[in-house]
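K.L.:
To start, I am sharing the structure in question, which I have written as structure tokens.
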Amino acid sequence: MALKRPQLKGLINGVLRQFQRQQEALMQRAANHDSRYLHPSWLLKRIQQAYPAQWQQIVDANNQKPPMWLRVNRRHHSRDDYLQLLAQAGIEAVAHGEYPDAVRLLTPCAVSSLPGFTDGWATVQDASAQGCVDLLDPQDGEQILDLCAAPGGKTTHILEAAPQAHVMAVDIDEQRLSRVKENLQRLQCHAEVKQGDGRTPQQWCGDKQFDRILLDAPCSATGVIRRHPDIKWLRRDSDIAELASLQAEILDAIWPHLKSGGVMVYATCSILPQENSQQLQAFLQRHNDASLVGVERQNLPHPEDGDGFFYAKLIKM
């Protein structure tokens, strides 16, 4: 036996014989049980409550392999030009219909196969994550804060869009900040990288104020389960309220560091309203100098599109 436990032979044979005798009833029970969706019951319930018409598509997407998305570095090539380079390398890819730098590979491949990857021509980054910087709309010369920045995908995207912006990238996890520095080096970008807690910004930026702030808040990561399946089993129902409380603390702490007329983008890779739309509405009720620009947006995971992601753009009046 593969387990090298011959004493278990009788037990295993007994279980298999019992299954054969009750196979029809057991298979019927399994087909009608929530376990067939491969999600813990608490999470399945939350998704069903939030998305009564879409929950099964979300669960199905969570259980599939994710697509591989690239972000074309506009400092080197236009997206159309890079698509041609991919085609010349025998790599089939399509452009995203909305996000201007996003390209999906029809078949994932090693980054070493990508044209100019080591020279910073492209970065592996989900399409929905790219939408944060499109909404932020950074401009050259501005003071911009990327809070909860690790591993640095959005920091470098900001600098590709606005190479002359003054960017501060902050994260509480000092080890993960090494990834930010690696990404900056590969893409030949410069940012001020700091370790710090979003709840205590005075400790790492003093009284400094920013023209734009991107807050990719710590969250349940329920929008990226297909990339990190262990999220389903590591998270607990009680985590959601704790995370929502943490998000509110960070929002309230960093808001005074946004200049009057400045823009903040609040983002999470969650699909749960408690962390997203409900969080945003509670913040707007607490701060009468905050105004929502346009409408909030909730992306849901899709086999041929981006991950689950929430964005909201606020302006300080």
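Identifiers for the structure tokens are assigned positionally: chains receive A, B, ... in sequence, residues are indexed from 1 per chain, and ligands are indexed from 1 in the order shown.
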Got a sec: who's within 12 Å of A:Pro138, counting only C-alpha atoms, leaving out chain neighbours fewer than 6 positions off, as a list in words?
P.N.:
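Skipping anything fewer than 6 positions along the chain leaves Cys132, Ile144, Leu145, Asp146, Lys154, Thr155, Thr156, His157, Ile158, Leu159, Glu160, Ala161, Ala162, Pro163, Gln164, Ala165, His166, Val167, Phe210, Asp211, Arg212, Ile213, Leu214, Gly262, Val263, Met264 and Val265 of chain A.
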K.L.:
Skipping near chain neighbours, those fewer than 6 positions away, what residues fall within 10 Å of A:Gln57 using only C-alpha atoms, listed as a PDB file with N, CA, C and O atoms, in the first residue's frame?
P.N.:
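Printed below is around20.pdb as written:
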ATOM      1  N   TYR A  51     -25.362  38.763  -3.853  1.00  0.00           N
ATOM      2  CA  TYR A  51     -25.543  38.634  -5.308  1.00  0.00           C
ATOM      3  C   TYR A  51     -26.526  37.501  -5.614  1.00  0.00           C
ATOM      4  O   TYR A  51     -26.144  36.453  -6.141  1.00  0.00           O
ATOM      5  N   ASN A  63     -13.650  28.887  -8.668  1.00  0.00           N
ATOM      6  CA  ASN A  63     -13.138  27.519  -8.729  1.00  0.00           C
ATOM      7  C   ASN A  63     -12.377  27.224 -10.016  1.00  0.00           C
ATOM      8  O   ASN A  63     -11.958  26.082 -10.227  1.00  0.00           O
ATOM      9  N   LEU A 300     -16.727  41.781 -10.589  1.00  0.00           N
ATOM     10  CA  LEU A 300     -16.848  40.405 -10.109  1.00  0.00           C
ATOM     11  C   LEU A 300     -15.911  39.518 -10.920  1.00  0.00           C
ATOM     12  O   LEU A 300     -15.658  39.796 -12.097  1.00  0.00           O
ATOM     13  N   PRO A 301     -15.367  38.465 -10.320  1.00  0.00           N
ATOM     14  CA  PRO A 301     -14.435  37.602 -11.057  1.00  0.00           C
ATOM     15  C   PRO A 301     -15.126  36.970 -12.264  1.00  0.00           C
ATOM     16  O   PRO A 301     -16.291  36.566 -12.191  1.00  0.00           O
ATOM     17  N   HIS A 302     -14.389  36.904 -13.362  1.00  0.00           N
ATOM     18  CA  HIS A 302     -14.945  36.363 -14.598  1.00  0.00           C
ATOM     19  C   HIS A 302     -13.855  35.571 -15.300  1.00  0.00           C
ATOM     20  O   HIS A 302     -12.692  36.005 -15.331  1.00  0.00           O
ATOM     21  N   PRO A 303     -14.191  34.435 -15.908  1.00  0.00           N
ATOM     22  CA  PRO A 303     -13.160  33.598 -16.543  1.00  0.00           C
ATOM     23  C   PRO A 303     -12.337  34.314 -17.604  1.00  0.00           C
ATOM     24  O   PRO A 303     -11.168  33.977 -17.812  1.00  0.00           O
TER      25      PRO A 303
END
K.L.:
Just the alpha helix (DSSP H) stuff from stretch 96-220 of chain A, please, per backbone DSSP, written as a PyMOL selection string.
P.N.:
chain A and resi 127-136+153-161+174-186+202-205
K.L.:
Using DSSP assignments from the backbone, pull out every residue in stretch 87-245 of chain A that falls under strand (DSSP E) and give it to me as a ChimeraX atom specification.
P.N.:
/A:93-95,102-105,122-124,143-147,166-171,192-195,210-216
K.L.:
How would the residues just chosen look if you wrote them out with N, CA and C atoms as an mmCIF file, in the first residue's frame?
P.N.:
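Done, and the output landed in selection.cif:
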data_model
loop_
_atom_site.group_PDB
_atom_site.id
_atom_site.type_symbol
_atom_site.label_atom_id
_atom_site.label_comp_id
_atom_site.auth_asym_id
_atom_site.auth_seq_id
_atom_site.Cartn_x
_atom_site.Cartn_y
_atom_site.Cartn_z
ATOM 1 N N ALA A 93 -2.732 36.895 -27.663
ATOM 2 C CA ALA A 93 -3.215 37.786 -26.609
ATOM 3 C C ALA A 93 -4.292 38.702 -27.165
ATOM 4 N N VAL A 94 -5.128 39.214 -26.252
ATOM 5 C CA VAL A 94 -6.183 40.149 -26.641
ATOM 6 C C VAL A 94 -6.170 41.336 -25.682
ATOM 7 N N ALA A 95 -6.587 42.482 -26.187
ATOM 8 C CA ALA A 95 -6.647 43.689 -25.369
ATOM 9 C C ALA A 95 -7.924 43.712 -24.541
ATOM 10 N N ALA A 102 -4.130 46.914 -20.407
ATOM 11 C CA ALA A 102 -4.334 45.508 -20.051
ATOM 12 C C ALA A 102 -4.409 44.597 -21.273
ATOM 13 N N VAL A 103 -3.685 43.470 -21.181
ATOM 14 C CA VAL A 103 -3.628 42.462 -22.241
ATOM 15 C C VAL A 103 -3.789 41.087 -21.595
ATOM 16 N N ARG A 104 -4.681 40.275 -22.155
ATOM 17 C CA ARG A 104 -4.874 38.908 -21.622
ATOM 18 C C ARG A 104 -4.230 37.888 -22.557
ATOM 19 N N LEU A 105 -3.397 37.022 -21.977
ATOM 20 C CA LEU A 105 -2.806 35.934 -22.743
ATOM 21 C C LEU A 105 -3.818 34.799 -22.851
ATOM 22 N N ALA A 122 6.689 45.025 -19.699
ATOM 23 C CA ALA A 122 5.373 44.558 -19.258
ATOM 24 C C ALA A 122 5.476 44.028 -17.840
ATOM 25 N N THR A 123 4.332 44.003 -17.158
ATOM 26 C CA THR A 123 4.219 43.507 -15.791
ATOM 27 C C THR A 123 3.007 42.587 -15.715
ATOM 28 N N VAL A 124 3.136 41.506 -14.972
ATOM 29 C CA VAL A 124 1.983 40.635 -14.741
ATOM 30 C C VAL A 124 1.113 41.295 -13.680
ATOM 31 N N GLN A 143 2.088 65.200 -5.626
ATOM 32 C CA GLN A 143 2.458 64.395 -4.472
ATOM 33 C C GLN A 143 1.402 63.297 -4.327
ATOM 34 N N ILE A 144 1.829 62.043 -4.484
ATOM 35 C CA ILE A 144 0.880 60.933 -4.524
ATOM 36 C C ILE A 144 1.288 59.881 -3.494
ATOM 37 N N LEU A 145 0.302 59.412 -2.740
ATOM 38 C CA LEU A 145 0.533 58.356 -1.752
ATOM 39 C C LEU A 145 -0.123 57.065 -2.222
ATOM 40 N N ASP A 146 0.668 56.000 -2.264
ATOM 41 C CA ASP A 146 0.140 54.653 -2.485
ATOM 42 C C ASP A 146 0.221 53.947 -1.141
ATOM 43 N N LEU A 147 -0.921 53.813 -0.476
ATOM 44 C CA LEU A 147 -0.982 53.256 0.872
ATOM 45 C C LEU A 147 -1.414 51.797 0.814
ATOM 46 N N HIS A 166 5.670 62.581 -7.669
ATOM 47 C CA HIS A 166 6.442 62.286 -6.460
ATOM 48 C C HIS A 166 5.623 61.288 -5.639
ATOM 49 N N VAL A 167 6.023 60.034 -5.697
ATOM 50 C CA VAL A 167 5.213 58.956 -5.130
ATOM 51 C C VAL A 167 5.840 58.424 -3.846
ATOM 52 N N MET A 168 5.017 58.317 -2.808
ATOM 53 C CA MET A 168 5.410 57.647 -1.577
ATOM 54 C C MET A 168 4.633 56.337 -1.495
ATOM 55 N N ALA A 169 5.354 55.233 -1.367
ATOM 56 C CA ALA A 169 4.741 53.908 -1.264
ATOM 57 C C ALA A 169 4.919 53.399 0.157
ATOM 58 N N VAL A 170 3.804 53.116 0.826
ATOM 59 C CA VAL A 170 3.836 52.745 2.245
ATOM 60 C C VAL A 170 3.123 51.419 2.448
ATOM 61 N N ASP A 171 3.719 50.562 3.268
ATOM 62 C CA ASP A 171 3.069 49.298 3.628
ATOM 63 C C ASP A 171 3.507 48.926 5.039
ATOM 64 N N GLU A 192 9.528 56.915 -3.045
ATOM 65 C CA GLU A 192 9.958 56.889 -1.652
ATOM 66 C C GLU A 192 9.216 55.756 -0.958
ATOM 67 N N VAL A 193 9.946 54.736 -0.543
ATOM 68 C CA VAL A 193 9.338 53.535 0.035
ATOM 69 C C VAL A 193 9.506 53.568 1.550
ATOM 70 N N LYS A 194 8.377 53.428 2.258
ATOM 71 C CA LYS A 194 8.408 53.499 3.722
ATOM 72 C C LYS A 194 7.574 52.380 4.344
ATOM 73 N N GLN A 195 8.055 51.904 5.486
ATOM 74 C CA GLN A 195 7.275 50.969 6.284
ATOM 75 C C GLN A 195 6.438 51.783 7.265
ATOM 76 N N PHE A 210 -1.216 65.214 0.496
ATOM 77 C CA PHE A 210 -1.015 64.664 -0.846
ATOM 78 C C PHE A 210 -2.107 65.161 -1.795
ATOM 79 N N ASP A 211 -1.735 65.260 -3.071
ATOM 80 C CA ASP A 211 -2.710 65.611 -4.110
ATOM 81 C C ASP A 211 -3.643 64.446 -4.398
ATOM 82 N N ARG A 212 -3.077 63.235 -4.354
ATOM 83 C CA ARG A 212 -3.877 62.031 -4.617
ATOM 84 C C ARG A 212 -3.420 60.912 -3.695
ATOM 85 N N ILE A 213 -4.381 60.122 -3.254
ATOM 86 C CA ILE A 213 -4.088 58.966 -2.403
ATOM 87 C C ILE A 213 -4.789 57.750 -2.987
ATOM 88 N N LEU A 214 -4.024 56.677 -3.155
ATOM 89 C CA LEU A 214 -4.601 55.392 -3.514
ATOM 90 C C LEU A 214 -4.527 54.498 -2.284
ATOM 91 N N LEU A 215 -5.687 54.140 -1.762
ATOM 92 C CA LEU A 215 -5.761 53.243 -0.605
ATOM 93 C C LEU A 215 -6.335 51.909 -1.068
ATOM 94 N N ASP A 216 -5.451 50.947 -1.275
ATOM 95 C CA ASP A 216 -5.859 49.573 -1.588
ATOM 96 C C ASP A 216 -5.925 48.850 -0.250
#
K.L.:
In Å, with one decimal, what is the gap from atom CA of A:Arg235 to atom CA of A:Asn276?
P.N.:
17.4 Å
K.L.:
Identify which of the residues A:Ala149, A:Leu11, A:Leu44, A:Ala221 lies closest to A:Ala191, counting only C-alpha atoms when measuring atom-to-atom distances.
P.N.:
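Closest candidate: A:Ala149.
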K.L.:
Would you kindly return, as a PDB file with N, CA and C atoms, in the first residue's frame, each protein, DNA or RNA residue with an atom no farther than 12 Å from any atom of A:Arg236, considering only C-alpha atoms and excluding same-chain residues fewer than 3 positions away?
P.N.:
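File produced: out.pdb:
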ATOM      1  N   HIS A  39     -16.903  25.960  -1.295  1.00  0.00           N
ATOM      2  CA  HIS A  39     -16.790  27.174  -0.497  1.00  0.00           C
ATOM      3  C   HIS A  39     -17.336  26.879   0.897  1.00  0.00           C
ATOM      4  N   PRO A  40     -16.736  27.433   1.949  1.00  0.00           N
ATOM      5  CA  PRO A  40     -17.311  27.245   3.282  1.00  0.00           C
ATOM      6  C   PRO A  40     -18.710  27.861   3.339  1.00  0.00           C
ATOM      7  N   SER A  41     -19.557  27.302   4.155  1.00  0.00           N
ATOM      8  CA  SER A  41     -20.965  27.690   4.161  1.00  0.00           C
ATOM      9  C   SER A  41     -21.159  29.171   4.487  1.00  0.00           C
ATOM     10  N   TRP A  42     -20.345  29.718   5.405  1.00  0.00           N
ATOM     11  CA  TRP A  42     -20.522  31.134   5.772  1.00  0.00           C
ATOM     12  C   TRP A  42     -20.238  32.055   4.591  1.00  0.00           C
ATOM     13  N   LEU A  43     -19.210  31.715   3.814  1.00  0.00           N
ATOM     14  CA  LEU A  43     -18.854  32.551   2.670  1.00  0.00           C
ATOM     15  C   LEU A  43     -19.881  32.400   1.556  1.00  0.00           C
ATOM     16  N   LEU A  44     -20.315  31.170   1.328  1.00  0.00           N
ATOM     17  CA  LEU A  44     -21.343  30.939   0.311  1.00  0.00           C
ATOM     18  C   LEU A  44     -22.603  31.735   0.643  1.00  0.00           C
ATOM     19  N   ARG A  46     -22.842  34.520   2.407  1.00  0.00           N
ATOM     20  CA  ARG A  46     -22.613  35.951   2.186  1.00  0.00           C
ATOM     21  C   ARG A  46     -22.671  36.298   0.696  1.00  0.00           C
ATOM     22  N   SER A 220     -10.720  41.067   2.914  1.00  0.00           N
ATOM     23  CA  SER A 220     -10.902  39.614   2.954  1.00  0.00           C
ATOM     24  C   SER A 220     -10.327  38.918   1.735  1.00  0.00           C
ATOM     25  N   THR A 222     -11.737  38.278  -0.992  1.00  0.00           N
ATOM     26  CA  THR A 222     -12.721  37.359  -1.559  1.00  0.00           C
ATOM     27  C   THR A 222     -12.912  37.539  -3.060  1.00  0.00           C
ATOM     28  N   ASP A 230      -6.614  29.126  -0.919  1.00  0.00           N
ATOM     29  CA  ASP A 230      -6.588  28.905   0.524  1.00  0.00           C
ATOM     30  C   ASP A 230      -7.350  29.971   1.289  1.00  0.00           C
ATOM     31  N   ILE A 231      -7.640  31.117   0.644  1.00  0.00           N
ATOM     32  CA  ILE A 231      -8.414  32.173   1.292  1.00  0.00           C
ATOM     33  C   ILE A 231      -9.735  31.621   1.813  1.00  0.00           C
ATOM     34  N   LYS A 232     -10.350  30.741   1.034  1.00  0.00           N
ATOM     35  CA  LYS A 232     -11.664  30.195   1.416  1.00  0.00           C
ATOM     36  C   LYS A 232     -11.615  29.498   2.772  1.00  0.00           C
ATOM     37  N   TRP A 233     -10.500  28.862   3.044  1.00  0.00           N
ATOM     38  CA  TRP A 233     -10.428  28.025   4.248  1.00  0.00           C
ATOM     39  C   TRP A 233      -9.687  28.703   5.389  1.00  0.00           C
ATOM     40  N   ASP A 239     -13.951  37.448  10.620  1.00  0.00           N
ATOM     41  CA  ASP A 239     -12.903  38.306  10.070  1.00  0.00           C
ATOM     42  C   ASP A 239     -13.476  39.528   9.364  1.00  0.00           C
ATOM     43  N   ILE A 240     -14.679  39.399   8.799  1.00  0.00           N
ATOM     44  CA  ILE A 240     -15.206  40.466   7.952  1.00  0.00           C
ATOM     45  C   ILE A 240     -15.459  41.737   8.763  1.00  0.00           C
ATOM     46  N   ALA A 241     -16.081  41.599   9.917  1.00  0.00           N
ATOM     47  CA  ALA A 241     -16.323  42.771  10.767  1.00  0.00           C
ATOM     48  C   ALA A 241     -15.011  43.375  11.244  1.00  0.00           C
ATOM     49  N   GLU A 242     -14.033  42.529  11.576  1.00  0.00           N
ATOM     50  CA  GLU A 242     -12.731  43.033  12.027  1.00  0.00           C
ATOM     51  C   GLU A 242     -12.032  43.801  10.912  1.00  0.00           C
ATOM     52  N   LEU A 243     -12.086  43.279   9.701  1.00  0.00           N
ATOM     53  CA  LEU A 243     -11.450  43.951   8.569  1.00  0.00           C
ATOM     54  C   LEU A 243     -12.158  45.270   8.245  1.00  0.00           C
TER      55      LEU A 243
END
K.L.:
For A:Gln279, which of A:Leu177, A:Ala217, A:Ala61, A:Val293 is the closest residue, counting only C-alpha atoms?
P.N.:
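For A:Gln279, the nearest of the given residues is A:Ala217.
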K.L.:
Using only C-alpha atoms, can you tell me which of A:Gln281, A:Gln274, A:Gln84, A:Asn288 comes closest to A:Ala50?
P.N.:
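That would be A:Gln274, the residue with the smallest distance to A:Ala50.
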K.L.:
Using only C-alpha atoms, which residues sit within 9 Å of stretch 129-131 of chain A once same-chain residues fewer than 2 positions away are excluded, as a count of residues only?
P.N.:
22
K.L.:
Just checking: using only C-alpha atoms, which residue out of A:Leu284, A:Val224, A:Cys189, A:Val295 ends up closest to A:Leu251?
P.N.:
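Checking each candidate against A:Leu251, we get A:Leu284 as the closest.
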K.L.:
Would you pick out the contacts of A:Glu249 at 12 Å or less, using only C-alpha atoms, so that residues sharing its chain but fewer than 3 positions from it are not included, and give the list as a tab-separated table (two decimals) with N, CA, C and O atoms, in the first residue's frame?
P.N.:
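Contents of the output file selection_13.tsv:
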chain	number	residue	atom	x	y	z
A	197	ASP	N	2.20	52.02	9.38
A	197	ASP	CA	0.83	51.59	9.64
A	197	ASP	C	-0.11	52.68	9.15
A	197	ASP	O	0.03	53.85	9.52
A	198	GLY	N	-1.08	52.31	8.34
A	198	GLY	CA	-2.02	53.29	7.79
A	198	GLY	C	-2.86	53.97	8.85
A	198	GLY	O	-3.42	55.05	8.60
A	199	ARG	N	-2.93	53.41	10.05
A	199	ARG	CA	-3.73	54.01	11.12
A	199	ARG	C	-2.97	55.13	11.83
A	199	ARG	O	-3.60	55.90	12.57
A	200	THR	N	-1.66	55.21	11.60
A	200	THR	CA	-0.84	56.22	12.28
A	200	THR	C	0.06	56.94	11.27
A	200	THR	O	1.28	56.84	11.35
A	201	PRO	N	-0.53	57.66	10.32
A	201	PRO	CA	0.29	58.28	9.26
A	201	PRO	C	1.27	59.34	9.75
A	201	PRO	O	2.30	59.56	9.10
A	217	ALA	N	-7.07	48.95	0.39
A	217	ALA	CA	-7.19	48.62	1.81
A	217	ALA	C	-7.05	47.13	2.08
A	217	ALA	O	-7.44	46.29	1.25
A	218	PRO	N	-6.53	46.77	3.26
A	218	PRO	CA	-6.52	45.36	3.66
A	218	PRO	C	-7.95	44.85	3.71
A	218	PRO	O	-8.85	45.55	4.19
A	242	GLU	N	-14.03	42.53	11.58
A	242	GLU	CA	-12.73	43.03	12.03
A	242	GLU	C	-12.03	43.80	10.91
A	242	GLU	O	-11.45	44.87	11.15
A	243	LEU	N	-12.09	43.28	9.70
A	243	LEU	CA	-11.45	43.95	8.57
A	243	LEU	C	-12.16	45.27	8.25
A	243	LEU	O	-11.51	46.28	7.94
A	244	ALA	N	-13.49	45.26	8.31
A	244	ALA	CA	-14.23	46.50	8.05
A	244	ALA	C	-13.87	47.58	9.07
A	244	ALA	O	-13.75	48.76	8.74
A	245	SER	N	-13.67	47.19	10.32
A	245	SER	CA	-13.28	48.14	11.35
A	245	SER	C	-11.88	48.70	11.07
A	245	SER	O	-11.64	49.91	11.21
A	246	LEU	N	-10.96	47.84	10.65
A	246	LEU	CA	-9.61	48.27	10.31
A	246	LEU	C	-9.63	49.24	9.12
A	246	LEU	O	-8.95	50.28	9.13
A	252	ASP	N	-10.24	57.01	8.09
A	252	ASP	CA	-10.35	58.20	8.93
A	252	ASP	C	-8.98	58.81	9.24
A	252	ASP	O	-8.85	60.03	9.33
A	253	ALA	N	-7.97	57.95	9.37
A	253	ALA	CA	-6.64	58.45	9.73
A	253	ALA	C	-5.96	59.15	8.56
A	253	ALA	O	-5.25	60.15	8.74
A	254	ILE	N	-6.16	58.64	7.35
A	254	ILE	CA	-5.43	59.18	6.20
A	254	ILE	C	-6.16	60.35	5.54
A	254	ILE	O	-5.54	61.16	4.84
A	255	TRP	N	-7.46	60.48	5.75
A	255	TRP	CA	-8.23	61.54	5.10
A	255	TRP	C	-7.67	62.95	5.37
A	255	TRP	O	-7.58	63.76	4.44
A	279	GLN	N	-19.00	50.24	3.52
A	279	GLN	CA	-17.87	50.96	4.11
A	279	GLN	C	-17.82	52.39	3.58
A	279	GLN	O	-17.62	53.36	4.33
A	282	ALA	N	-20.69	54.63	4.96
A	282	ALA	CA	-20.43	55.00	6.36
A	282	ALA	C	-19.37	56.10	6.42
A	282	ALA	O	-19.49	57.05	7.23
A	283	PHE	N	-18.35	56.02	5.57
A	283	PHE	CA	-17.31	57.05	5.55
A	283	PHE	C	-17.89	58.39	5.12
A	283	PHE	O	-17.58	59.43	5.73
A	286	ARG	N	-19.60	60.10	7.87
A	286	ARG	CA	-18.72	60.63	8.92
A	286	ARG	C	-17.98	61.89	8.47
A	286	ARG	O	-17.52	62.66	9.32
K.L.:
Could you check how far atom CA of A:Arg176 sits from atom CA of A:His76, in Å to one decimal?
P.N.:
26.8 Å
K.L.:
Can you measure atom CA of A:Gly141 to atom CA of A:Cys205 for me? One decimal in Å is fine.
P.N.:
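Spanning atom CA of A:Gly141 to atom CA of A:Cys205 is a straight-line distance of 18.2 Å.
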K.L.:
Using only C-alpha atoms, which protein or nucleic acid residues come within 10 Å of A:Arg186? Drop anything in the same chain fewer than 5 positions from it, and give the result as a PyMOL selection string.
P.N.:
chain A and resi 117-121+123+156+181
K.L.:
Which one of A:Ile172, A:Leu314, A:Pro229, A:Leu70 sits closest to A:Gln203 if you count only C-alpha atoms?
P.N.:
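Ranked by minimum distance to A:Gln203, first place goes to A:Ile172.
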